[in-house]
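Engineer: This one is final28.cif, mmCIF, C-alpha atoms.
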```
data_entry
loop_
_atom_site.label_atom_id
_atom_site.label_comp_id
_atom_site.auth_asym_id
_atom_site.auth_seq_id
_atom_site.Cartn_x
_atom_site.Cartn_y
_atom_site.Cartn_z
CA MET R 1 0.00 0.00 0.00
CA ALA R 2 1.36 3.39 -1.03
CA LEU R 3 2.15 5.82 1.76
CA LEU R 4 0.33 9.12 2.05
CA PRO R 5 2.64 12.13 1.49
CA ASN R 6 2.77 13.01 5.22
CA GLN R 7 3.49 9.39 6.14
CA ARG R 8 6.23 9.19 3.50
CA ARG R 9 7.88 12.37 4.72
CA GLU R 10 7.84 11.02 8.28
CA LYS R 11 9.56 7.82 7.07
CA ILE R 12 12.15 9.87 5.18
CA LEU R 13 12.80 11.92 8.30
CA ASP R 14 13.16 8.73 10.38
CA LEU R 15 15.69 7.41 7.88
CA LEU R 16 17.69 10.65 7.98
CA ARG R 17 17.66 10.59 11.78
CA GLU R 18 19.05 7.06 11.62
CA ASP R 19 21.63 7.40 8.82
CA GLY R 20 22.43 11.11 9.03
CA SER R 21 22.10 11.76 5.29
CA ALA R 22 20.59 10.33 2.12
CA LYS R 23 20.75 10.88 -1.63
CA VAL R 24 17.70 11.84 -3.68
CA LEU R 25 18.19 8.91 -6.06
CA ASP R 26 18.38 6.39 -3.20
CA LEU R 27 15.23 7.80 -1.57
CA ALA R 28 13.39 7.66 -4.89
CA ASN R 29 14.32 3.99 -5.30
CA LEU R 30 13.47 3.10 -1.69
CA PHE R 31 10.05 4.72 -1.69
CA LYS R 32 9.30 3.99 -5.37
CA ILE R 33 8.62 7.62 -6.19
CA THR R 34 10.12 10.11 -8.65
CA GLU R 35 13.16 12.23 -7.83
CA VAL R 36 10.97 15.31 -8.28
CA THR R 37 8.66 14.05 -5.52
CA VAL R 38 11.63 13.35 -3.25
CA ARG R 39 12.93 16.90 -3.75
CA GLN R 40 9.48 18.28 -2.91
CA ASP R 41 9.40 16.17 0.26
CA LEU R 42 12.88 17.32 1.26
CA GLU R 43 11.95 20.95 0.61
CA LYS R 44 8.94 20.64 2.95
CA LEU R 45 11.10 19.03 5.66
CA GLU R 46 13.72 21.77 5.26
CA ASN R 47 11.06 24.48 5.51
CA LYS R 48 10.10 22.99 8.89
CA GLY R 49 13.71 23.36 10.00
CA LEU R 50 14.24 19.61 10.37
CA ILE R 51 16.85 18.93 7.67
CA THR R 52 19.33 20.72 5.43
CA ARG R 53 19.26 20.06 1.70
CA GLU R 54 22.39 19.76 -0.36
CA HIS R 55 23.07 19.03 -4.02
CA GLY R 56 21.65 15.57 -4.73
CA GLY R 57 20.42 14.85 -1.22
CA ALA R 58 19.94 16.04 2.35
CA PHE R 59 21.29 15.62 5.87
CA ILE R 60 19.79 15.90 9.32
CA LYS R 61 20.08 19.31 10.94
CA ASP R 62 22.76 19.82 13.64
CA ILE R 63 24.18 16.32 13.20
CA GLY R 64 27.75 17.69 13.26
CA ASP R 65 27.28 19.06 16.76
CA HIS R 66 26.01 15.71 18.03
CA VAL R 67 29.04 13.87 16.63
CA LYS R 68 31.48 16.43 18.05
CA ASN R 69 29.87 16.07 21.47
CA PHE R 70 29.63 12.29 21.05
CA SER R 71 25.95 12.38 21.90
CA LEU R 72 23.23 10.21 20.38
CA PHE R 73 20.61 11.93 18.25
CA ASN R 74 17.67 10.07 19.80
CA GLN R 75 17.34 10.87 23.51
CA GLU R 76 13.61 10.27 24.03
CA ASN R 77 12.11 8.33 26.97
CA LEU R 78 15.43 8.10 28.80
CA ASP R 79 13.73 7.37 32.13
CA LYS R 80 12.14 4.24 30.65
CA LYS R 81 15.41 3.23 29.00
CA GLU R 82 17.35 3.61 32.24
CA SER R 83 14.90 1.36 34.11
CA ILE R 84 15.20 -1.24 31.34
CA ALA R 85 19.00 -1.07 31.62
CA VAL R 86 18.84 -1.68 35.38
CA LYS R 87 16.65 -4.76 34.75
CA CYS R 88 19.14 -6.08 32.18
CA LEU R 89 21.79 -6.35 34.91
CA GLU R 90 19.90 -9.35 36.32
CA PHE R 91 20.68 -11.26 33.11
CA ILE R 92 24.40 -10.44 32.79
CA GLU R 93 26.90 -12.55 34.71
CA GLU R 94 30.64 -12.42 35.32
CA GLY R 95 32.40 -14.31 32.54
CA ASP R 96 29.72 -13.61 29.94
CA THR R 97 30.43 -12.60 26.37
CA ILE R 98 27.66 -10.25 25.27
CA ILE R 99 26.78 -8.20 22.22
CA LEU R 100 25.52 -4.66 22.81
CA ASP R 101 23.74 -3.29 19.77
CA SER R 102 23.99 0.44 19.09
CA GLY R 103 21.27 2.75 20.42
CA SER R 104 20.18 4.83 23.38
CA THR R 105 18.78 1.91 25.44
CA THR R 106 21.91 -0.21 24.99
CA THR R 107 24.01 2.86 25.86
CA GLU R 108 22.16 2.96 29.20
CA ILE R 109 23.08 -0.72 29.70
CA ALA R 110 26.74 0.12 29.02
CA LYS R 111 26.64 2.78 31.73
CA LYS R 112 25.34 0.22 34.25
CA ILE R 113 27.88 -2.55 33.56
CA SER R 114 31.06 -0.47 33.87
CA ASP R 115 31.98 -2.09 37.21
CA PHE R 116 31.63 -5.68 35.99
CA LYS R 117 34.66 -7.98 36.03
CA HIS R 118 35.55 -10.68 33.49
CA LEU R 119 33.04 -9.44 30.91
CA THR R 120 33.57 -9.36 27.14
CA VAL R 121 31.47 -6.84 25.22
CA ILE R 122 31.20 -6.93 21.43
CA THR R 123 29.62 -3.82 19.94
CA ASN R 124 29.22 -1.78 16.77
CA ALA R 125 28.69 1.41 18.81
CA LEU R 126 31.65 3.77 19.09
CA ASN R 127 30.21 5.55 22.13
CA ILE R 128 29.79 2.25 23.99
CA ALA R 129 33.32 1.15 23.10
CA LEU R 130 34.78 4.40 24.43
CA MET R 131 32.63 4.22 27.55
CA LEU R 132 33.76 0.69 28.46
CA GLY R 133 37.16 0.45 26.81
CA SER R 134 39.09 1.86 29.78
CA LYS R 135 37.37 -0.36 32.36
CA PRO R 136 39.87 -2.95 33.66
CA GLY R 137 37.32 -5.75 34.06
CA ILE R 138 35.80 -5.43 30.58
CA GLU R 139 37.27 -6.52 27.26
CA VAL R 140 35.75 -4.53 24.39
CA ILE R 141 35.73 -5.82 20.83
CA MET R 142 34.49 -3.64 17.94
CA THR R 143 33.15 -4.50 14.52
CA GLY R 144 34.29 -2.77 11.36
CA GLY R 145 31.87 -1.09 8.98
CA GLU R 146 30.56 2.22 7.71
CA PHE R 147 30.05 5.06 10.20
CA LYS R 148 26.51 6.32 10.94
CA PRO R 149 26.68 9.70 12.73
CA PRO R 150 23.24 9.81 14.48
CA THR R 151 23.75 6.45 16.21
CA LEU R 152 27.55 6.75 16.53
CA SER R 153 27.68 3.23 15.11
CA LEU R 154 29.25 1.05 12.44
CA THR R 155 26.96 -0.64 9.94
CA GLY R 156 26.75 -2.44 6.61
CA GLN R 157 28.07 -5.76 5.34
CA LYS R 158 31.54 -5.39 6.86
CA ALA R 159 30.03 -4.97 10.31
CA ALA R 160 27.81 -8.01 9.69
CA ASP R 161 30.72 -10.15 8.45
CA PHE R 162 32.50 -9.63 11.78
CA PHE R 163 29.96 -11.90 13.52
CA LYS R 164 30.43 -14.89 11.20
CA GLY R 165 31.63 -17.88 13.17
CA LEU R 166 31.18 -16.19 16.54
CA ASN R 167 29.21 -17.79 19.37
CA VAL R 168 28.27 -15.45 22.21
CA HIS R 169 26.10 -15.93 25.26
CA LYS R 170 23.70 -13.00 25.02
CA LEU R 171 22.63 -10.25 22.64
CA PHE R 172 20.93 -7.07 23.81
CA LEU R 173 19.19 -5.92 20.65
CA ALA R 174 17.65 -2.51 19.93
CA THR R 175 14.68 -1.79 17.67
CA ALA R 176 12.73 1.18 16.33
CA GLY R 177 9.36 -0.56 16.14
CA ILE R 178 7.67 -3.81 17.15
CA SER R 179 4.44 -5.08 15.66
CA LEU R 180 2.78 -8.46 15.13
CA LYS R 181 2.35 -7.80 11.42
CA SER R 182 5.77 -6.34 10.57
CA GLY R 183 7.87 -7.88 13.36
CA LEU R 184 11.02 -5.97 14.27
CA THR R 185 11.40 -2.83 12.18
CA TYR R 186 14.02 -0.15 11.61
CA PRO R 187 14.20 3.17 9.74
CA SER R 188 17.15 2.08 7.60
CA LEU R 189 18.09 -0.93 5.48
CA SER R 190 21.81 -0.81 6.27
CA ASP R 191 21.42 -2.17 9.81
CA LEU R 192 19.33 -5.21 8.90
CA VAL R 193 22.28 -7.41 7.89
CA VAL R 194 24.17 -6.41 11.05
CA LYS R 195 21.31 -7.17 13.41
CA LYS R 196 20.57 -10.48 11.69
CA ALA R 197 24.25 -11.47 12.04
CA MET R 198 24.15 -10.51 15.73
CA ILE R 199 21.08 -12.70 16.27
CA ASP R 200 22.70 -15.63 14.48
CA ALA R 201 25.79 -15.35 16.72
CA ALA R 202 23.91 -15.26 20.05
CA ASP R 203 22.57 -18.11 22.18
CA THR R 204 19.93 -15.85 23.76
CA VAL R 205 18.41 -12.67 22.32
CA PHE R 206 17.06 -9.97 24.63
CA LEU R 207 15.13 -7.27 22.81
CA VAL R 208 15.41 -4.06 24.85
CA ALA R 209 12.69 -1.58 23.92
CA ASP R 210 10.54 0.89 25.79
CA SER R 211 6.76 0.53 25.53
CA THR R 212 6.40 3.41 23.03
CA LYS R 213 8.03 1.18 20.38
CA ILE R 214 5.29 -1.46 20.66
CA GLY R 215 2.71 -1.22 17.89
CA LYS R 216 4.97 1.12 15.95
CA SER R 217 6.15 0.12 12.49
CA SER R 218 9.24 1.58 10.84
CA PHE R 219 10.39 1.40 7.21
CA ALA R 220 12.44 -1.82 6.99
CA SER R 221 11.53 -5.17 8.56
CA LEU R 222 14.18 -7.44 10.08
CA GLY R 223 11.80 -10.36 10.51
CA ALA R 224 9.24 -11.98 12.78
CA LEU R 225 9.02 -11.62 16.55
CA SER R 226 10.21 -15.24 16.81
CA LEU R 227 13.78 -13.99 16.25
CA ILE R 228 13.91 -12.96 19.92
CA ASN R 229 13.71 -14.93 23.18
CA TYR R 230 12.90 -12.17 25.67
CA LEU R 231 11.50 -8.65 25.59
CA ILE R 232 12.69 -6.35 28.37
CA THR R 233 10.45 -3.29 28.51
CA ASP R 234 8.91 -0.83 30.95
CA SER R 235 5.76 -1.11 33.06
CA GLU R 236 3.59 0.87 30.63
CA ILE R 237 3.26 -2.06 28.23
CA GLN R 238 -0.42 -2.88 27.67
CA GLU R 239 -1.91 -6.23 28.68
CA LYS R 240 -3.05 -6.98 25.12
CA ASP R 241 0.56 -6.56 23.92
CA LYS R 242 1.82 -8.88 26.65
CA THR R 243 -0.64 -11.48 25.34
CA VAL R 244 0.70 -11.14 21.80
CA PHE R 245 4.27 -11.79 22.94
CA LYS R 246 3.17 -14.72 25.09
CA GLU R 247 1.34 -16.25 22.11
CA ASN R 248 4.61 -15.96 20.16
CA GLU R 249 6.48 -17.77 22.97
CA ILE R 250 8.40 -14.64 23.95
CA GLU R 251 8.81 -13.99 27.67
CA VAL R 252 8.09 -10.37 28.63
CA ILE R 253 10.25 -9.00 31.44
CA ILE R 254 9.00 -5.79 33.06
CA ALA R 255 11.54 -3.27 34.36
#
```
Output the file's structure as structure tokens, nothing else.
Structural biologist:
Amino acid sequence: MALLPNQRREKILDLLREDGSAKVLDLANLFKITEVTVRQDLEKLENKGLITREHGGAFIKDIGDHVKNFSLFNQENLDKKESIAVKCLEFIEEGDTIILDSGSTTTEIAKKISDFKHLTVITNALNIALMLGSKPGIEVIMTGGEFKPPTLSLTGQKAADFFKGLNVHKLFLATAGISLKSGLTYPSLSDLVVKKAMIDAADTVFLVADSTKIGKSSFASLGALSLINYLITDSEIQEKDKTVFKENEIEVIIA
């Protein structure tokens, strides 16, 4: 089903907030619209002060300042994300090898595990690596890949290839949207191969997502809810949503 213009512009904005920039041609191919329509969409977003257009594309406004300050672009619902991070500590043990996906919720987890001993953390997030890299009890291993400014992360096929042949205990996975119909969804295609490779490498997958992500659908689908073992979320999850996860044999853990 074709998106309405306002819906399409919102998806384009989500993608720019995730990747930092995009080319007109790529957006036209992704959304199956003409380059003229893309330029009109970008002009409307620029007029709202949300993005800056450049020749052949656009980039998210003020992204340079975020990178310089090493701050994540998405800082919404931090109270919920912090409570989720505290709950995650119950599932991390000394001696574990874990994967921390990039994102604001997983960044909160990184803050909470800094005093752990004998912990190995594999991540594609530069901010998480810098946060934990100087901690004597934690070994940090980074993927390669292409840099994404808004999430301070490495992405693409090279990042995904890093996980081939690895076997880790636990993955703490981030998402942009969770729905029964679309499964786990993200604003950008580039992360899908990385997240799939992370899932394949992990014995147990913990999806860490605040309740505002439930019922929300983003542009690109990673796959069905069955990819995960546990959902760790906040107390504002609705009972009907708990039922959906239970029916899909996913244990819901409330922070």
Engineer: Go ahead and find all residues with at least one atom no further than 12 Å from (24.1, 4.1, 16.9) in the file's coordinates, using only C-alpha atoms; report them as number ranges by chain.
Structural biologist: R: 17-20, 66-67, 70-75, 100-107, 123-129, 146-155, 173-176, 188, 190-191
Engineer: Which residues come within 8 Å of Val121 (chain R), counting only C-alpha atoms, excluding same-chain residues fewer than 2 positions away, as a PyMOL selection string?
Structural biologist: chain R and resi 97-100+119+123+138-141
Engineer: Let me make sure I understand: among R:Leu180, R:Phe206, R:Phe163, R:Thr233, which one has the smallest atom-to-atom distance to Val194 (chain R) if we use all atoms listed in the file?
Structural biologist: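 Distance minimum relative to Val194 (chain R) lands on R:Phe163.
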Engineer: Quick one: of R:Leu132, R:Val244, R:Met198, R:Ala28, who's nearest to Ala159 (chain R), counting all atoms listed in the file?
Structural biologist: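 Of all the options, R:Met198 lies closest to Ala159 (chain R).
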Engineer: Within 12 Å of Gln7 (chain R), counting all atoms listed in the file, which residues show up once you throw out same-chain ones fewer than 5 positions away? Write them as number ranges by chain, please.
Structural biologist: R: 1-2, 12-14, 31, 41, 217-219
Engineer: Which neighbours of Lys164 (chain R) fall inside 8 Å, counting all atoms listed in the file, when residues of the same chain fewer than 2 positions from it are skipped, and could you give them as a ChimeraX atom specification?
Structural biologist: /R:160-162,166,197,201
Engineer: Write out as a ChimeraX atom specification which residues come within 10 Å of Thr37 (chain R) when counting all atoms listed in the file, dropping same-chain ones fewer than 3 positions away.
Structural biologist: /R:5,24,27-28,33-34,40-43
Engineer: Next, dump the selected residues to file, keeping only C-alpha atoms, as a PDB file, in the frame of the given file.
Structural biologist:
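The file below, part14.pdb, is the result:
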```pdb
ATOM      1  CA  PRO R   5       2.640  12.130   1.490  1.00  0.00           C
ATOM      2  CA  VAL R  24      17.700  11.840  -3.680  1.00  0.00           C
ATOM      3  CA  LEU R  27      15.230   7.800  -1.570  1.00  0.00           C
ATOM      4  CA  ALA R  28      13.390   7.660  -4.890  1.00  0.00           C
ATOM      5  CA  ILE R  33       8.620   7.620  -6.190  1.00  0.00           C
ATOM      6  CA  THR R  34      10.120  10.110  -8.650  1.00  0.00           C
ATOM      7  CA  GLN R  40       9.480  18.280  -2.910  1.00  0.00           C
ATOM      8  CA  ASP R  41       9.400  16.170   0.260  1.00  0.00           C
ATOM      9  CA  LEU R  42      12.880  17.320   1.260  1.00  0.00           C
ATOM     10  CA  GLU R  43      11.950  20.950   0.610  1.00  0.00           C
TER      11      GLU R  43
END
```
Engineer: So how far away is CA of Phe245 (chain R) from CA of Ala224 (chain R), in Å?
Structural biologist: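 For CA of Ala224 (chain R) relative to CA of Phe245 (chain R), the distance reads 11.3 Å.
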Engineer: Give the centre and edge lengths of an axis-aligned box, in Å to one decimal, that holds all listed atoms of region 126-133 of chain R with 5 Å on each side, as AutoDock Vina command-line options.
Structural biologist:
```
--center_x 33.5 --center_y 3.0 --center_z 23.8 --size_x 17.4 --size_y 15.1 --size_z 19.4
```
Engineer: Can you tell me how far CA of Glu239 (chain R) sits from CA of Lys195 (chain R), in Å to one decimal?
Structural biologist: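 Separating CA of Glu239 (chain R) from CA of Lys195 (chain R) is a distance of 27.8 Å.
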Engineer: Check the smallest atom-to-atom distance from each of R:His169, R:Lys44, R:Lys81, R:Lys32 to Glu93 (chain R) using all atoms listed in the file, then report the winner.
Structural biologist: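 Of all the options, R:His169 lies closest to Glu93 (chain R).
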Engineer: Find the spatial neighbours of Lys213 (chain R), counting all atoms listed in the file, within a cut-off of 12 Å - ignore same-chain residues fewer than 6 positions away - and output them as a ChimeraX atom specification.
Structural biologist: /R:76-77,80-81,105,174-179,183-186,207,231-234,236-238,241
Engineer: Expressed in Å to a single decimal, how great is the separation between CA of Val168 (chain R) and CA of Gly95 (chain R)?
Structural biologist: 11.2 Å
Engineer: Applied to the shown file, which residues does the PyMOL selection byres ((chain R and resi 115) around 9) return, written as a list of chain:residue names?
Structural biologist: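 Checked against the file, the PyMOL selection byres ((chain R and resi 115) around 9) matches R:Lys112, R:Ile113, R:Ser114, R:Phe116, R:Lys117, R:Lys135, R:Pro136, R:Gly137, R:Ile138.
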